[in-house]
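S.K.: Please find one structure pasted underneath; my questions will follow.
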Amino acid sequence: MSFNPISMVVGALTPPPPSLTEDYDGLEYRWKVFTFRPALFQFEIFLLAAVLLYTALYFIGRSANVRRANKWFDAHLELYQSQFTKPHQKGGLTQDGNSDFFVFSTGRRAIKALHTTFTLRPRHDFFQLIYQTLWGFVELDYRVNDVVELTFTFKDSASVPDCVWAIVAKDELKGIRSKRWDLTFTKTTENPNLPTSLTVMSEFADITENLLKTHGPLSLSTVLSNPAVLPYFRSLSLTDQPRTRPYAPVPASERGKHLILSLNIPPSGTATLPLVQAVFQLVDIIAGEGGWGIGKSPLTSKGPGVGLNGSLRPETRSKLKKAREELDKELKEELAKEKREEQAEEKAAAKRKAEEERLSRLSASEQKKALEREKKRLMRKTQGKTKVR
Ligand SMILES: *[C@@H]1O[C@H](CO)[C@@H](O)[C@H](O)[C@H]1NC(C)=O
C-alpha cells in the first residue's frame, strides 16, 4: 500500500459514511460515488428548516416594525415641520435595536426639545412575541401594544408651574404609580367633561379646571372625546418631578418641566394627528406663548400671555410650593439618616477590628483567658436578662 497523505487527511476528517445497507427503500439520490438518502437526515432537515424560518421571521418582523414607526412619523411629519426649525435629526427616524425608534426635534418657542420615542412589540423575535401574546391572555392588565411617547421639555419659564397633573386612560391606571413615581403626588378623580374611560390625576382641582377649559380653538376634552382618537390615548401628563423617586433633592438647575403624551400607535398612522396637534397648542397655553395666554383669545391678543402659573390661584401656587418643600425636607432627612447609620456601622467595624488586633498581639494562653472572660461576660449578660423577665 502506498503512503498518500491527502487521502489520510481526508479519511480523518470525513465522518464514517452512514451504512448503506441494502434494505433502505426510501428516496435516494445518486451522483457518481455519492449517495444521498434524505430519510436518514430527517432531524437535520427539520433543524435547518426551523433556523431558516426563524431567520425569515426575524427579518419580516423587523421590517414590519420599521414600517409601523415610519407610518406614524410620516403621518405627523408635516405637523413637526410646521412646528420646528429642526423637526428631526439627520435621516429622520433613528432605529435603536429591533423594536425601538426615536426622533429628536428642536427649534420652537416655549420648548427646548421634543423627544419622540417608539416602543414597538418584539416582532423580530418570534418566541418573545408568542410569549407576550400568551401572557396578554393570562394577565389581563398586561398591555401588548405599540407605543409612541412624545416628551416636550419646556424652556425655563415662570409661566410653567411646578406641578404634576395628568389625564390617564383607566386601563392604564393600574400600576401607573409604580412606573411613574411623579404621579404619586396626585389624587385620582373623575371628570364629567371627559369620556368615562379617562380619569384625571391632579394635585389640585384648580389645575384641572384651568387646563380643561376652552382656550381659543382648543378644547382638550373635545379632542379627547373624539372616538377616532380615544382608543389610542394612554396618558397626557404635565410634570416637574422625575419618573423615579430621587435619593436627594434635585437641584433647581437639573429640574425639568415636561409635558408627556403617550399613545398607542394606530394602524392607520394618522388617527392620532388631531390630538398631537392639540398638544402643541396646549404647550403654548401652559407656557403663555404665541398669543395663547390663558384667559385670552388668541385672535385678539398678541404677545405673551400669563401661562398656566399665572392663571392658578395664589393658594394653589403656595400649596404646590409647600408640597415640594416638604418633599425636599423628607429626602434630606432620609439622606442624613442613611449617613448616620453608615457612620455608626463604620465605627462599629473599626472597633471590632481594633479588638481583633489587640487579641492577635497577645500570647496563646492570654488569648484563651480573654476569650473565657468574654464568654463569662456574655453569660452574665443573658442571665441578667432572664432574671429581669
Ligand atoms: C409662578 O408665579 C409665582 C408668582 O407670580 C412665582 O413666584 C413663581 O416662581 C412661579 N412659579 C414658577 C415655577 O416659576
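Convention: chains lettered A, B, ... in C-alpha cells order; per-chain residue numbering from 1; ligands numbered from 1 as shown.
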Give as a PDB file with all heavy atoms, in the first residue's frame the residues surrounding ligand 1 up to a distance of 8 Å, considering only C-alpha atoms and all ligand atoms.

M.R.:
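Okay, this is what ended up in pocket-v6.pdb:
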ATOM      1  N   SER A 157     -39.141  78.790  32.452  1.00  0.00           N
ATOM      2  CA  SER A 157     -40.082  79.897  32.378  1.00  0.00           C
ATOM      3  C   SER A 157     -40.961  79.883  33.622  1.00  0.00           C
ATOM      4  O   SER A 157     -41.377  78.818  34.084  1.00  0.00           O
ATOM      5  CB  SER A 157     -40.953  79.736  31.129  1.00  0.00           C
ATOM      6  OG  SER A 157     -42.167  80.413  31.289  1.00  0.00           O
ATOM      7  N   ALA A 158     -41.198  81.069  34.145  1.00  0.00           N
ATOM      8  CA  ALA A 158     -42.048  81.174  35.334  1.00  0.00           C
ATOM      9  C   ALA A 158     -43.517  80.937  34.960  1.00  0.00           C
ATOM     10  O   ALA A 158     -44.373  80.863  35.829  1.00  0.00           O
ATOM     11  CB  ALA A 158     -41.878  82.536  35.983  1.00  0.00           C
ATOM     12  N   SER A 159     -43.812  80.836  33.660  1.00  0.00           N
ATOM     13  CA  SER A 159     -45.201  80.614  33.245  1.00  0.00           C
ATOM     14  C   SER A 159     -45.632  79.173  33.441  1.00  0.00           C
ATOM     15  O   SER A 159     -46.818  78.877  33.495  1.00  0.00           O
ATOM     16  CB  SER A 159     -45.371  80.950  31.765  1.00  0.00           C
ATOM     17  OG  SER A 159     -44.867  82.227  31.494  1.00  0.00           O
ATOM     18  N   VAL A 160     -44.646  78.261  33.490  1.00  0.00           N
ATOM     19  CA  VAL A 160     -44.976  76.848  33.663  1.00  0.00           C
ATOM     20  C   VAL A 160     -44.851  76.517  35.148  1.00  0.00           C
ATOM     21  O   VAL A 160     -43.765  76.598  35.710  1.00  0.00           O
ATOM     22  CB  VAL A 160     -44.016  75.941  32.850  1.00  0.00           C
ATOM     23  CG1 VAL A 160     -44.474  74.499  32.906  1.00  0.00           C
ATOM     24  CG2 VAL A 160     -43.925  76.425  31.412  1.00  0.00           C
ATOM     25  N   PRO A 161     -45.947  76.164  35.790  1.00  0.00           N
ATOM     26  CA  PRO A 161     -45.875  75.937  37.240  1.00  0.00           C
ATOM     27  C   PRO A 161     -45.192  74.609  37.568  1.00  0.00           C
ATOM     28  O   PRO A 161     -45.128  73.709  36.733  1.00  0.00           O
ATOM     29  CB  PRO A 161     -47.345  75.906  37.654  1.00  0.00           C
ATOM     30  CG  PRO A 161     -48.072  75.445  36.434  1.00  0.00           C
ATOM     31  CD  PRO A 161     -47.297  75.962  35.260  1.00  0.00           C
ATOM     32  N   ASP A 162     -44.680  74.523  38.794  1.00  0.00           N
ATOM     33  CA  ASP A 162     -44.162  73.244  39.290  1.00  0.00           C
ATOM     34  C   ASP A 162     -45.350  72.446  39.793  1.00  0.00           C
ATOM     35  O   ASP A 162     -45.819  72.650  40.905  1.00  0.00           O
ATOM     36  CB  ASP A 162     -43.176  73.484  40.443  1.00  0.00           C
ATOM     37  CG  ASP A 162     -41.882  74.112  39.959  1.00  0.00           C
ATOM     38  OD1 ASP A 162     -41.561  73.935  38.775  1.00  0.00           O
ATOM     39  OD2 ASP A 162     -41.209  74.773  40.759  1.00  0.00           O
ATOM     40  N   ASN A 309     -49.128  79.059  35.172  1.00  0.00           N
ATOM     41  CA  ASN A 309     -48.760  79.507  36.519  1.00  0.00           C
ATOM     42  C   ASN A 309     -49.514  80.770  36.900  1.00  0.00           C
ATOM     43  O   ASN A 309     -50.076  80.873  37.987  1.00  0.00           O
ATOM     44  CB  ASN A 309     -47.247  79.736  36.591  1.00  0.00           C
ATOM     45  CG  ASN A 309     -46.769  80.024  38.005  1.00  0.00           C
ATOM     46  OD1 ASN A 309     -47.359  79.524  38.967  1.00  0.00           O
ATOM     47  ND2 ASN A 309     -45.729  80.822  38.132  1.00  0.00           N
ATOM     48  N   GLY A 310     -49.535  81.715  35.948  1.00  0.00           N
ATOM     49  CA  GLY A 310     -50.180  82.989  36.228  1.00  0.00           C
ATOM     50  C   GLY A 310     -51.682  82.875  36.428  1.00  0.00           C
ATOM     51  O   GLY A 310     -52.291  83.735  37.068  1.00  0.00           O
ATOM     52  N   PRO A 314     -53.493  82.029  43.818  1.00  0.00           N
ATOM     53  CA  PRO A 314     -52.303  82.141  44.683  1.00  0.00           C
ATOM     54  C   PRO A 314     -52.234  81.010  45.713  1.00  0.00           C
ATOM     55  O   PRO A 314     -51.142  80.508  46.003  1.00  0.00           O
ATOM     56  CB  PRO A 314     -52.488  83.489  45.370  1.00  0.00           C
ATOM     57  CG  PRO A 314     -53.407  84.253  44.481  1.00  0.00           C
ATOM     58  CD  PRO A 314     -54.260  83.262  43.752  1.00  0.00           C
ATOM     59  N   ARG A 317     -50.785  77.967  44.119  1.00  0.00           N
ATOM     60  CA  ARG A 317     -49.333  78.112  43.937  1.00  0.00           C
ATOM     61  C   ARG A 317     -48.575  77.870  45.234  1.00  0.00           C
ATOM     62  O   ARG A 317     -47.557  77.191  45.249  1.00  0.00           O
ATOM     63  CB  ARG A 317     -49.010  79.509  43.399  1.00  0.00           C
ATOM     64  CG  ARG A 317     -49.233  79.643  41.902  1.00  0.00           C
ATOM     65  CD  ARG A 317     -48.436  80.802  41.337  1.00  0.00           C
ATOM     66  NE  ARG A 317     -48.866  82.075  41.881  1.00  0.00           N
ATOM     67  CZ  ARG A 317     -49.710  82.897  41.248  1.00  0.00           C
ATOM     68  NH1 ARG A 317     -50.183  82.585  40.064  1.00  0.00           N
ATOM     69  NH2 ARG A 317     -50.054  84.038  41.793  1.00  0.00           N
TER      70      ARG A 317
END

S.K.: If we count only C-alpha atoms and set the cut-off at 7 Å, which residues sit around region 221-223 of chain A, ignoring sequence neighbours fewer than 3 positions away in its own chain? Please answer as a list in words.

M.R.: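 So, after excluding close chain neighbours, the residues are Asn193, Leu194, Leu212, Asn226 and Leu275 of chain A.
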
S.K.: Here is a test: counting only C-alpha atoms, which residue of A:Leu320, A:Val144, A:Ala287, A:Leu308 is nearest to Arg109 (chain A)?

M.R.: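 Nearest to Arg109 (chain A): A:Ala287.
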
S.K.: Write out as a list in words each polymer residue whose atoms come within 8 Å of region 254-263 of chain A, counting only C-alpha atoms; drop sequence neighbours fewer than 5 positions from it.

M.R.: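 With the cut-off at 8 Å, the set is Val147, Val148, Glu149, Leu150, Thr151, Phe152, Thr153, Phe154, Asp156, Val160, Asp162, Tyr232, Phe233, Arg234, Ser235, Leu236, Ser237, Leu238, Thr239, Asp240, Gln241, Thr272, Val279 and Val283 of chain A.
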
S.K.: Among region 120-188 of chain A, which ones does DSSP place in strand (DSSP E or B), written as a list of chain:residue names?

M.R.: A:Val147, A:Val148, A:Glu149, A:Leu150, A:Thr151, A:Phe152, A:Thr153, A:Phe154, A:Trp165, A:Ala166, A:Ile167, A:Val168, A:Ala169, A:Lys187, A:Thr188

S.K.: Could you list, as a list of chain:residue names, every residue within 7 Å of Phe102 (chain A), counting only C-alpha atoms and ignoring same-chain residues fewer than 4 positions away?

M.R.: A:Leu93, A:Thr94, A:Gln95, A:Thr116, A:Thr117, A:Phe118

S.K.: Just the number, please: distance in Å from CA of Asn65 (chain A) to CA of Gln81 (chain A), one decimal.

M.R.: 23.2 Å

S.K.: When you look at region 125-131 of chain A with a cut-off of 8 Å (counting only C-alpha atoms), what residues show up, excluding the ones that are within fewer than 2 positions of it in the same chain? I need them as a PDB file with all heavy atoms, in the first residue's frame.

M.R.:
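Final output, out.pdb:
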ATOM      1  N   TYR A  54     -37.024  30.853  11.407  1.00  0.00           N
ATOM      2  CA  TYR A  54     -36.790  31.844  12.459  1.00  0.00           C
ATOM      3  C   TYR A  54     -36.099  33.079  11.883  1.00  0.00           C
ATOM      4  O   TYR A  54     -36.472  34.215  12.185  1.00  0.00           O
ATOM      5  CB  TYR A  54     -35.932  31.220  13.568  1.00  0.00           C
ATOM      6  CG  TYR A  54     -35.758  32.122  14.748  1.00  0.00           C
ATOM      7  CD1 TYR A  54     -36.775  32.265  15.696  1.00  0.00           C
ATOM      8  CD2 TYR A  54     -34.579  32.849  14.930  1.00  0.00           C
ATOM      9  CE1 TYR A  54     -36.627  33.104  16.779  1.00  0.00           C
ATOM     10  CE2 TYR A  54     -34.421  33.689  16.018  1.00  0.00           C
ATOM     11  CZ  TYR A  54     -35.440  33.807  16.935  1.00  0.00           C
ATOM     12  OH  TYR A  54     -35.305  34.647  18.005  1.00  0.00           O
ATOM     13  N   LEU A  57     -38.568  35.037   9.836  1.00  0.00           N
ATOM     14  CA  LEU A  57     -39.497  35.771  10.709  1.00  0.00           C
ATOM     15  C   LEU A  57     -38.820  36.983  11.335  1.00  0.00           C
ATOM     16  O   LEU A  57     -39.439  38.023  11.536  1.00  0.00           O
ATOM     17  CB  LEU A  57     -40.037  34.849  11.808  1.00  0.00           C
ATOM     18  CG  LEU A  57     -41.046  33.807  11.343  1.00  0.00           C
ATOM     19  CD1 LEU A  57     -41.432  32.891  12.489  1.00  0.00           C
ATOM     20  CD2 LEU A  57     -42.286  34.479  10.762  1.00  0.00           C
ATOM     21  N   TYR A  58     -37.525  36.834  11.644  1.00  0.00           N
ATOM     22  CA  TYR A  58     -36.769  37.951  12.207  1.00  0.00           C
ATOM     23  C   TYR A  58     -36.807  39.142  11.252  1.00  0.00           C
ATOM     24  O   TYR A  58     -37.151  40.260  11.643  1.00  0.00           O
ATOM     25  CB  TYR A  58     -35.327  37.516  12.479  1.00  0.00           C
ATOM     26  CG  TYR A  58     -34.401  38.648  12.823  1.00  0.00           C
ATOM     27  CD1 TYR A  58     -34.299  39.095  14.142  1.00  0.00           C
ATOM     28  CD2 TYR A  58     -33.642  39.287  11.845  1.00  0.00           C
ATOM     29  CE1 TYR A  58     -33.460  40.144  14.467  1.00  0.00           C
ATOM     30  CE2 TYR A  58     -32.800  40.340  12.164  1.00  0.00           C
ATOM     31  CZ  TYR A  58     -32.709  40.761  13.473  1.00  0.00           C
ATOM     32  OH  TYR A  58     -31.883  41.807  13.789  1.00  0.00           O
ATOM     33  N   GLY A  61     -40.440  40.503  10.781  1.00  0.00           N
ATOM     34  CA  GLY A  61     -40.885  41.241  11.968  1.00  0.00           C
ATOM     35  C   GLY A  61     -40.191  42.576  12.104  1.00  0.00           C
ATOM     36  O   GLY A  61     -40.808  43.591  12.402  1.00  0.00           O
ATOM     37  N   ARG A 121     -43.754  46.280  19.581  1.00  0.00           N
ATOM     38  CA  ARG A 121     -43.726  44.889  20.042  1.00  0.00           C
ATOM     39  C   ARG A 121     -42.513  44.168  19.445  1.00  0.00           C
ATOM     40  O   ARG A 121     -42.052  44.528  18.371  1.00  0.00           O
ATOM     41  CB  ARG A 121     -45.017  44.184  19.624  1.00  0.00           C
ATOM     42  CG  ARG A 121     -46.234  44.819  20.283  1.00  0.00           C
ATOM     43  CD  ARG A 121     -47.434  43.947  20.113  1.00  0.00           C
ATOM     44  NE  ARG A 121     -47.190  42.651  20.721  1.00  0.00           N
ATOM     45  CZ  ARG A 121     -47.965  41.584  20.515  1.00  0.00           C
ATOM     46  NH1 ARG A 121     -49.011  41.673  19.726  1.00  0.00           N
ATOM     47  NH2 ARG A 121     -47.688  40.446  21.104  1.00  0.00           N
ATOM     48  N   PRO A 122     -42.019  43.150  20.121  1.00  0.00           N
ATOM     49  CA  PRO A 122     -40.802  42.473  19.627  1.00  0.00           C
ATOM     50  C   PRO A 122     -41.119  41.571  18.438  1.00  0.00           C
ATOM     51  O   PRO A 122     -40.973  40.356  18.510  1.00  0.00           O
ATOM     52  CB  PRO A 122     -40.333  41.671  20.835  1.00  0.00           C
ATOM     53  CG  PRO A 122     -41.579  41.400  21.608  1.00  0.00           C
ATOM     54  CD  PRO A 122     -42.474  42.590  21.394  1.00  0.00           C
ATOM     55  N   ARG A 123     -41.583  42.175  17.340  1.00  0.00           N
ATOM     56  CA  ARG A 123     -41.992  41.377  16.179  1.00  0.00           C
ATOM     57  C   ARG A 123     -40.836  40.610  15.566  1.00  0.00           C
ATOM     58  O   ARG A 123     -41.031  39.629  14.868  1.00  0.00           O
ATOM     59  CB  ARG A 123     -42.624  42.277  15.113  1.00  0.00           C
ATOM     60  CG  ARG A 123     -43.972  42.799  15.517  1.00  0.00           C
ATOM     61  CD  ARG A 123     -44.713  43.450  14.385  1.00  0.00           C
ATOM     62  NE  ARG A 123     -46.021  43.873  14.878  1.00  0.00           N
ATOM     63  CZ  ARG A 123     -46.208  44.937  15.617  1.00  0.00           C
ATOM     64  NH1 ARG A 123     -45.196  45.701  15.939  1.00  0.00           N
ATOM     65  NH2 ARG A 123     -47.411  45.244  16.063  1.00  0.00           N
ATOM     66  N   THR A 133     -47.904  37.573  23.720  1.00  0.00           N
ATOM     67  CA  THR A 133     -49.303  37.391  23.357  1.00  0.00           C
ATOM     68  C   THR A 133     -49.999  36.480  24.368  1.00  0.00           C
ATOM     69  O   THR A 133     -51.088  36.793  24.853  1.00  0.00           O
ATOM     70  CB  THR A 133     -49.416  36.795  21.939  1.00  0.00           C
ATOM     71  OG1 THR A 133     -48.602  37.575  21.068  1.00  0.00           O
ATOM     72  CG2 THR A 133     -50.845  36.803  21.448  1.00  0.00           C
ATOM     73  N   LEU A 134     -49.360  35.356  24.703  1.00  0.00           N
ATOM     74  CA  LEU A 134     -49.958  34.428  25.660  1.00  0.00           C
ATOM     75  C   LEU A 134     -50.100  35.093  27.026  1.00  0.00           C
ATOM     76  O   LEU A 134     -51.127  34.977  27.682  1.00  0.00           O
ATOM     77  CB  LEU A 134     -49.094  33.167  25.789  1.00  0.00           C
ATOM     78  CG  LEU A 134     -49.074  32.270  24.556  1.00  0.00           C
ATOM     79  CD1 LEU A 134     -48.192  31.059  24.803  1.00  0.00           C
ATOM     80  CD2 LEU A 134     -50.488  31.822  24.200  1.00  0.00           C
ATOM     81  N   TRP A 135     -49.067  35.805  27.443  1.00  0.00           N
ATOM     82  CA  TRP A 135     -49.091  36.485  28.730  1.00  0.00           C
ATOM     83  C   TRP A 135     -50.219  37.516  28.765  1.00  0.00           C
ATOM     84  O   TRP A 135     -50.852  37.733  29.790  1.00  0.00           O
ATOM     85  CB  TRP A 135     -47.739  37.132  28.998  1.00  0.00           C
ATOM     86  CG  TRP A 135     -47.528  37.509  30.426  1.00  0.00           C
ATOM     87  CD1 TRP A 135     -47.195  38.742  30.900  1.00  0.00           C
ATOM     88  CD2 TRP A 135     -47.620  36.652  31.574  1.00  0.00           C
ATOM     89  NE1 TRP A 135     -47.095  38.706  32.262  1.00  0.00           N
ATOM     90  CE2 TRP A 135     -47.351  37.428  32.705  1.00  0.00           C
ATOM     91  CE3 TRP A 135     -47.930  35.295  31.748  1.00  0.00           C
ATOM     92  CZ2 TRP A 135     -47.380  36.913  33.994  1.00  0.00           C
ATOM     93  CZ3 TRP A 135     -47.955  34.776  33.036  1.00  0.00           C
ATOM     94  CH2 TRP A 135     -47.678  35.587  34.137  1.00  0.00           C
TER      95      TRP A 135
END

S.K.: Compile a residue-level contact table for region 10-76 of chain A against region 97-101 of chain A at a cut-off of 10 Å, reporting for every qualifying residue the shortest atom pair and its distance in Å to one decimal, with only C-alpha atoms counted, rows ordered by chain and ascending number, as a Markdown table.

M.R.:
| residue | atom | partner | partner_atom | distance |
| --- | --- | --- | --- | --- |
| A:Tyr58 | CA | A:Asn98 | CA | 9.3 |
| A:Phe59 | CA | A:Asn98 | CA | 9.7 |
| A:Gly61 | CA | A:Asn98 | CA | 8.8 |
| A:Arg62 | CA | A:Asn98 | CA | 5.9 |
| A:Ser63 | CA | A:Asn98 | CA | 8.9 |
| A:Ala64 | CA | A:Ser99 | CA | 9.7 |
| A:Asn65 | CA | A:Ser99 | CA | 6.3 |
| A:Val66 | CA | A:Ser99 | CA | 8.0 |
| A:Ala69 | CA | A:Phe101 | CA | 7.3 |
| A:Asn70 | CA | A:Phe101 | CA | 9.3 |

S.K.: Selected residues, N, CA and C atoms, written as a short mmCIF file (atom, residue, chain, number, x, y, z; two decimals), in the first residue's frame, please.

M.R.:
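Writing the result to selection-v5.cif gives the following:
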data_model
loop_
_atom_site.label_atom_id
_atom_site.label_comp_id
_atom_site.auth_asym_id
_atom_site.auth_seq_id
_atom_site.Cartn_x
_atom_site.Cartn_y
_atom_site.Cartn_z
N TYR A 58 -37.53 36.83 11.64
CA TYR A 58 -36.77 37.95 12.21
C TYR A 58 -36.81 39.14 11.25
N PHE A 59 -36.50 38.87 9.98
CA PHE A 59 -36.46 39.99 9.03
C PHE A 59 -37.85 40.54 8.72
N GLY A 61 -40.44 40.50 10.78
CA GLY A 61 -40.88 41.24 11.97
C GLY A 61 -40.19 42.58 12.10
N ARG A 62 -38.89 42.55 11.85
CA ARG A 62 -38.10 43.77 11.96
C ARG A 62 -38.59 44.82 10.97
N SER A 63 -38.82 44.41 9.73
CA SER A 63 -39.25 45.41 8.75
C SER A 63 -40.69 45.84 9.00
N ALA A 64 -41.50 44.96 9.59
CA ALA A 64 -42.87 45.38 9.95
C ALA A 64 -42.81 46.50 10.99
N ASN A 65 -41.88 46.40 11.93
CA ASN A 65 -41.72 47.45 12.94
C ASN A 65 -41.24 48.75 12.32
N VAL A 66 -40.28 48.64 11.41
CA VAL A 66 -39.77 49.83 10.74
C VAL A 66 -40.93 50.53 9.99
N ALA A 69 -43.46 52.28 12.56
CA ALA A 69 -42.94 53.51 13.15
C ALA A 69 -42.90 54.61 12.10
N ASN A 70 -42.45 54.27 10.92
CA ASN A 70 -42.36 55.27 9.85
C ASN A 70 -43.73 55.77 9.41
#

S.K.: List the spatial neighbours of region 36-44 of chain A as an NGL selection string - criterion: any atom at most 10 Å away, only C-alpha atoms, same-chain residues fewer than 2 positions off excluded.

M.R.: :A and (18 or 20 or 24-31 or 34 or 46-50)
